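Dumped start-v1.json below, it's JSON, C-alpha atoms:
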```
[["chain", "number", "residue", "atom", "x", "y", "z"],
["A", 1, "MET", "CA", 26.93, -3.98, 9.88],
["A", 2, "PRO", "CA", 24.83, -0.91, 10.82],
["A", 3, "GLU", "CA", 21.64, -0.27, 8.93],
["A", 4, "SER", "CA", 22.14, 3.49, 8.84],
["A", 5, "SER", "CA", 20.44, 4.90, 5.79],
["A", 6, "SER", "CA", 19.62, 8.40, 6.90],
["A", 7, "PRO", "CA", 21.18, 11.39, 5.21],
["A", 8, "ARG", "CA", 20.23, 13.37, 8.32],
["A", 9, "ARG", "CA", 22.96, 12.01, 10.61],
["A", 10, "GLY", "CA", 24.02, 14.76, 12.96],
["A", 11, "SER", "CA", 20.96, 16.90, 12.34],
["A", 12, "ARG", "CA", 17.77, 16.93, 14.33],
["A", 13, "LEU", "CA", 15.41, 14.16, 13.30],
["A", 14, "THR", "CA", 11.68, 14.62, 12.94],
["A", 15, "VAL", "CA", 8.80, 12.30, 13.74],
["A", 16, "ASP", "CA", 8.55, 11.68, 9.98],
["A", 17, "ASP", "CA", 12.16, 10.48, 9.91],
["A", 18, "TRP", "CA", 11.35, 7.93, 12.62],
["A", 19, "LEU", "CA", 8.17, 6.87, 10.83],
["A", 20, "ASP", "CA", 10.06, 6.50, 7.55],
["A", 21, "ALA", "CA", 12.66, 4.31, 9.26],
["A", 22, "ALA", "CA", 9.96, 2.23, 10.94],
["A", 23, "MET", "CA", 8.16, 1.90, 7.61],
["A", 24, "GLN", "CA", 11.35, 0.62, 5.98],
["A", 25, "VAL", "CA", 11.72, -2.03, 8.67],
["A", 26, "LEU", "CA", 8.02, -2.92, 8.38],
["A", 27, "MET", "CA", 8.43, -3.43, 4.63],
["A", 28, "SER", "CA", 11.67, -5.39, 4.86],
["A", 29, "ASP", "CA", 11.13, -7.55, 7.94],
["A", 30, "GLY", "CA", 7.62, -7.07, 9.30],
["A", 31, "VAL", "CA", 6.09, -5.40, 12.31],
["A", 32, "GLY", "CA", 7.84, -7.68, 14.82],
["A", 33, "ALA", "CA", 11.23, -6.38, 13.71],
["A", 34, "ILE", "CA", 10.48, -2.78, 14.66],
["A", 35, "LYS", "CA", 12.66, -2.16, 17.72],
["A", 36, "ILE", "CA", 14.03, 1.05, 19.20],
["A", 37, "SER", "CA", 17.64, -0.10, 18.94],
["A", 38, "ARG", "CA", 17.21, -1.15, 15.33],
["A", 39, "LEU", "CA", 15.69, 2.19, 14.38],
["A", 40, "CYS", "CA", 18.46, 4.06, 16.22],
["A", 41, "ASP", "CA", 21.09, 2.04, 14.34],
["A", 42, "ARG", "CA", 19.30, 2.71, 11.05],
["A", 43, "LEU", "CA", 19.19, 6.44, 11.72],
["A", 44, "GLY", "CA", 22.62, 6.65, 13.31],
["A", 45, "VAL", "CA", 21.41, 8.18, 16.57],
["A", 46, "THR", "CA", 21.12, 7.29, 20.25],
["A", 47, "LYS", "CA", 18.02, 6.14, 22.08],
["A", 48, "GLY", "CA", 17.77, 9.62, 23.56],
["A", 49, "SER", "CA", 16.73, 10.87, 20.14],
["A", 50, "PHE", "CA", 13.97, 8.29, 20.01],
["A", 51, "TYR", "CA", 12.68, 9.30, 23.46],
["A", 52, "TRP", "CA", 12.73, 12.95, 22.41],
["A", 53, "HIS", "CA", 9.97, 12.08, 19.90],
["A", 54, "PHE", "CA", 8.14, 9.14, 21.51],
["A", 55, "THR", "CA", 7.44, 8.11, 25.08],
["A", 56, "ASP", "CA", 7.94, 4.44, 24.24],
["A", 57, "ILE", "CA", 7.72, 1.88, 21.42],
["A", 58, "SER", "CA", 3.92, 1.77, 21.82],
["A", 59, "ALA", "CA", 3.73, 5.47, 20.98],
["A", 60, "LEU", "CA", 5.80, 4.92, 17.85],
["A", 61, "MET", "CA", 3.67, 1.94, 16.83],
["A", 62, "SER", "CA", 0.50, 3.98, 17.34],
["A", 63, "ALA", "CA", 1.91, 6.77, 15.16],
["A", 64, "LEU", "CA", 3.01, 4.23, 12.55],
["A", 65, "SER", "CA", -0.45, 2.67, 12.54],
["A", 66, "ASP", "CA", -1.96, 6.15, 12.01],
["A", 67, "HIS", "CA", 0.55, 6.69, 9.20],
["A", 68, "CYS", "CA", -0.41, 3.41, 7.54],
["A", 69, "ARG", "CA", -4.13, 4.18, 7.84],
["A", 70, "ALA", "CA", -3.45, 7.54, 6.16],
["A", 71, "ILE", "CA", -1.67, 5.69, 3.33],
["A", 72, "GLU", "CA", -4.73, 3.49, 2.85],
["A", 73, "GLU", "CA", -7.05, 6.51, 2.89],
["A", 74, "THR", "CA", -4.90, 8.30, 0.32],
["A", 75, "ALA", "CA", -5.00, 5.21, -1.90],
["A", 76, "SER", "CA", -8.81, 5.15, -1.59],
["A", 77, "ARG", "CA", -9.03, 8.81, -2.63],
["A", 78, "THR", "CA", -6.67, 8.17, -5.55],
["A", 79, "LEU", "CA", -8.91, 5.33, -6.74],
["A", 80, "ALA", "CA", -12.07, 7.37, -6.29],
["A", 81, "ASN", "CA", -10.53, 10.17, -8.37],
["A", 82, "LEU", "CA", -10.04, 7.72, -11.23],
["A", 83, "GLN", "CA", -13.81, 7.89, -11.81],
["A", 84, "GLU", "CA", -13.14, 10.99, -13.89],
["A", 85, "LEU", "CA", -11.16, 8.97, -16.47],
["A", 86, "PRO", "CA", -12.68, 7.10, -19.41],
["A", 87, "PRO", "CA", -13.45, 3.47, -18.37],
["A", 88, "LEU", "CA", -10.64, 1.68, -20.21],
["A", 89, "GLU", "CA", -8.09, 4.22, -19.07],
["A", 90, "ARG", "CA", -9.43, 3.85, -15.53],
["A", 91, "ILE", "CA", -8.80, 0.09, -15.55],
["A", 92, "GLN", "CA", -5.33, 0.57, -17.02],
["A", 93, "ARG", "CA", -4.52, 3.16, -14.36],
["A", 94, "MET", "CA", -5.70, 0.80, -11.62],
["A", 95, "GLY", "CA", -3.28, -1.78, -12.99],
["A", 96, "GLU", "CA", -0.45, 0.75, -12.98],
["A", 97, "LEU", "CA", -1.19, 1.66, -9.37],
["A", 98, "VAL", "CA", -1.06, -1.93, -8.16],
["A", 99, "SER", "CA", 2.05, -2.77, -10.17],
["A", 100, "ASP", "CA", 4.08, 0.20, -8.90],
["A", 101, "THR", "CA", 6.96, -1.46, -7.02],
["A", 102, "ARG", "CA", 7.05, 0.94, -4.06],
["A", 103, "ARG", "CA", 3.27, 1.00, -3.68],
["A", 104, "ARG", "CA", 3.18, -2.81, -3.84],
["A", 105, "SER", "CA", 5.84, -3.12, -1.11],
["A", 106, "VAL", "CA", 4.05, -0.67, 1.17],
["A", 107, "GLU", "CA", 0.67, -2.26, 0.59],
["A", 108, "ALA", "CA", 1.95, -5.80, 1.20],
["A", 109, "ALA", "CA", 3.56, -4.70, 4.49],
["A", 110, "VAL", "CA", 0.44, -2.85, 5.62],
["A", 111, "ARG", "CA", -1.77, -5.85, 4.75],
["A", 112, "ALA", "CA", 0.50, -8.21, 6.67],
["A", 113, "TRP", "CA", 0.36, -5.97, 9.75],
["A", 114, "ALA", "CA", -3.40, -5.54, 9.35],
["A", 115, "GLU", "CA", -3.84, -9.23, 10.09],
["A", 116, "THR", "CA", -3.03, -8.43, 13.74],
["A", 117, "ASP", "CA", -4.24, -4.81, 14.00],
["A", 118, "PRO", "CA", -8.05, -4.39, 13.81],
["A", 119, "GLU", "CA", -7.96, -0.64, 13.11],
["A", 120, "LEU", "CA", -5.49, -1.12, 10.29],
["A", 121, "GLU", "CA", -7.54, -4.03, 8.99],
["A", 122, "ALA", "CA", -10.57, -1.75, 8.76],
["A", 123, "SER", "CA", -8.56, 0.64, 6.56],
["A", 124, "VAL", "CA", -7.45, -2.20, 4.28],
["A", 125, "VAL", "CA", -11.02, -3.46, 3.99],
["A", 126, "ALA", "CA", -12.21, 0.05, 3.16],
["A", 127, "LEU", "CA", -9.58, 0.31, 0.42],
["A", 128, "ASP", "CA", -10.64, -3.06, -1.00],
["A", 129, "HIS", "CA", -14.27, -1.92, -1.03],
["A", 130, "THR", "CA", -13.35, 1.31, -2.81],
["A", 131, "THR", "CA", -11.32, -0.67, -5.34],
["A", 132, "PHE", "CA", -14.23, -3.01, -5.93],
["A", 133, "ASP", "CA", -16.75, -0.17, -6.24],
["A", 134, "VAL", "CA", -14.62, 1.74, -8.76],
["A", 135, "ALA", "CA", -14.04, -1.43, -10.77],
["A", 136, "GLN", "CA", -17.69, -2.49, -10.73],
["A", 137, "ASP", "CA", -18.86, 1.00, -11.75],
["A", 138, "THR", "CA", -16.30, 0.92, -14.57],
["A", 139, "PHE", "CA", -17.55, -2.39, -15.92],
["A", 140, "LEU", "CA", -21.16, -1.21, -15.68],
["A", 141, "GLU", "CA", -20.16, 1.91, -17.59],
["A", 142, "LEU", "CA", -18.61, -0.33, -20.26],
["A", 143, "GLY", "CA", -22.03, -1.94, -20.74],
["A", 144, "PHE", "CA", -21.69, -5.17, -18.75],
["A", 145, "SER", "CA", -24.70, -6.54, -16.88],
["A", 146, "PRO", "CA", -24.64, -6.16, -13.09],
["A", 147, "VAL", "CA", -23.76, -9.87, -12.71],
["A", 148, "ASP", "CA", -20.91, -9.65, -15.24],
["A", 149, "ALA", "CA", -19.66, -6.34, -13.81],
["A", 150, "HIS", "CA", -19.60, -7.86, -10.32],
["A", 151, "ALA", "CA", -17.64, -10.92, -11.51],
["A", 152, "ARG", "CA", -15.10, -8.81, -13.39],
["A", 153, "ALA", "CA", -14.66, -6.39, -10.49],
["A", 154, "THR", "CA", -14.15, -9.35, -8.15],
["A", 155, "ALA", "CA", -11.49, -10.79, -10.48],
["A", 156, "LEU", "CA", -9.71, -7.44, -10.75],
["A", 157, "VAL", "CA", -9.62, -6.95, -6.96],
["A", 158, "TYR", "CA", -8.38, -10.46, -6.23],
["A", 159, "VAL", "CA", -5.74, -10.37, -8.94],
["A", 160, "GLY", "CA", -4.46, -7.10, -7.47],
["A", 161, "ILE", "CA", -4.41, -8.46, -3.91],
["A", 162, "GLY", "CA", -2.70, -11.64, -5.10],
["A", 163, "TYR", "CA", -0.08, -9.67, -6.96],
["A", 164, "MET", "CA", 0.67, -7.54, -3.91],
["A", 165, "GLN", "CA", 0.86, -10.57, -1.64],
["A", 166, "GLY", "CA", 3.02, -12.48, -4.13],
["A", 167, "GLY", "CA", 5.79, -9.96, -3.67],
["A", 168, "GLU", "CA", 9.10, -11.01, -5.11],
["A", 169, "ARG", "CA", 8.01, -14.66, -5.28],
["A", 170, "VAL", "CA", 6.07, -13.98, -8.47],
["A", 171, "GLU", "CA", 7.52, -12.38, -11.56],
["A", 172, "ALA", "CA", 6.11, -8.93, -12.24],
["A", 173, "PRO", "CA", 3.58, -8.80, -15.07],
["A", 174, "THR", "CA", 4.92, -7.60, -18.38],
["A", 175, "GLU", "CA", 3.28, -4.85, -20.36],
["A", 176, "ASP", "CA", 1.82, -7.57, -22.60],
["A", 177, "ASP", "CA", 0.43, -9.37, -19.53],
["A", 178, "LYS", "CA", -1.27, -6.17, -18.38],
["A", 179, "ARG", "CA", -2.69, -5.46, -21.83],
["A", 180, "ILE", "CA", -4.02, -9.01, -22.22],
["A", 181, "PHE", "CA", -5.56, -8.94, -18.73],
["A", 182, "VAL", "CA", -7.40, -5.70, -19.50],
["A", 183, "GLU", "CA", -8.55, -7.16, -22.84],
["A", 184, "MET", "CA", -9.83, -10.31, -21.09],
["A", 185, "LEU", "CA", -11.75, -8.29, -18.49],
["A", 186, "THR", "CA", -13.28, -5.89, -20.98],
["A", 187, "ARG", "CA", -14.14, -8.34, -23.75],
["A", 188, "MET", "CA", -17.91, -8.68, -24.21]]
```
For this file, produce the structure as structure tokens.
Amino acid sequence: MPESSSPRRGSRLTVDDWLDAAMQVLMSDGVGAIKISRLCDRLGVTKGSFYWHFTDISALMSALSDHCRAIEETASRTLANLQELPPLERIQRMGELVSDTRRRSVEAAVRAWAETDPELEASVVALDHTTFDVAQDTFLELGFSPVDAHARATALVYVGIGYMQGGERVEAPTEDDKRIFVEMLTRM
């Protein structure tokens, strides 16, 4: 059964259309499943359309890697912008970001690919550092000692990474779960 999911069949595709299709395959089946023929089937076009946009699969993968690094950089900026919120709201917003289904799927796929792509890994590490820094600053702002703020920030980061990596294997946290987690982290 063809994987065609593009509403653009018959119209000229853009590089973004190809990247979107590659991203969908990355999220569903991993980086090894990204093949020209699979993307053509998904988009309902011939290989000629692919070669109109990319010289070869390596060029697509390079563009996709750039795209994924941009996603990580955008996530870092989003987190850094949370510094303007009151501390408790900041922590709650961080939880909302990590529990967003689409964001979680993208992040899990990018992290899996980053295990074999050093440049992408550097972007993931930078995002983790930004997450930690925002969290630690938040806990310091709430009045925790540097040692306690560090421990709480570490817990927050690792819970978020674990949740993203757990994917569909772990039930999504309920609103009560999120509230209790924030209460546990912020309790003096």
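Pairwise distance (atom CA of A:Gly95, atom CA of A:Asp148) equals 19.4 Å.
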Kindly indicate which residue among A:Cys40, A:Ala75, A:Met27, A:Leu140 lies nearest to A:Leu88, using all atoms listed in the file for the distances.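 Residue with the minimum atom-to-atom distance to A:Leu88: A:Leu140.
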Which residues are close to A:Trp52, i.e. within 10 Å by only C-alpha atoms, leaving aside same-chain residues fewer than 6 positions away? Reply as a ChimeraX atom specification. /A:13-15
Taking 2 positions as the minimum chain separation for residues in the same chain, which residues sit within 9 Å of stretch 60-67 of chain A when counting all atoms listed in the file? Answer as an MDAnalysis selection string. chainID A and resid 15 18:20 22:23 31 34 53:58 69:72 110 117 119:120
Shortest interatomic distance to A:Ile91 - which of A:Arg12, A:Arg42, A:Glu141, A:Val25, counting only C-alpha atoms: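 Looking only at the distances to A:Ile91, the closest residue turns out to be A:Glu141.
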So which residues touch stretch 79-86 of chain A within 10 Å, counting all atoms listed in the file, skipping near sequence neighbours fewer than 2 positions away, as JSON, numbers by chain? {"A": [73, 74, 75, 76, 77, 88, 89, 90, 91, 93, 94, 97, 127, 130, 131, 132, 133, 134, 135, 137, 138, 141, 142]}
Any idea what the distance is between atom CA of A:Gly162 and atom CA of A:Trp113?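 About the pair atom CA of A:Gly162 and atom CA of A:Trp113: they are 16.2 Å apart.
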For A:Gln24, which residue out of A:Val182, A:Val106, A:Val45, A:Ala172 is the nearest one, using only C-alpha atoms?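 Of the candidates, the smallest distance to A:Gln24 is held by A:Val106.
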Could you please determine the separation between atom CA of A:Lys47 and atom CA of A:Cys68 in Å, to one decimal place?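 Spanning atom CA of A:Lys47 to atom CA of A:Cys68 is a straight-line distance of 23.6 Å.
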Would you please work out which residue, of A:Met184, A:Ala21, A:Arg152, A:Pro87, is nearest to A:Asp41 when using all atoms listed in the file? A:Ala21
Pick the closest to A:Val159 from A:Val98, A:Ala126, A:Val147, A:Ile180: which is it, counting only C-alpha atoms?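 So, comparing all the options, the nearest one is A:Val98.
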Taking all atoms listed in the file into account, name the residue in A:Gln165, A:Ser28, A:Ser37, A:Thr46 that is nearest to A:Arg111. A:Gln165
Please tell me which residues are no farther than 6 Å from (-16.7, -6.3, -8.1) in the file, counting only C-alpha atoms, and write them as an NGL selection string. :A and (132 or 136 or 150-151 or 153-154)
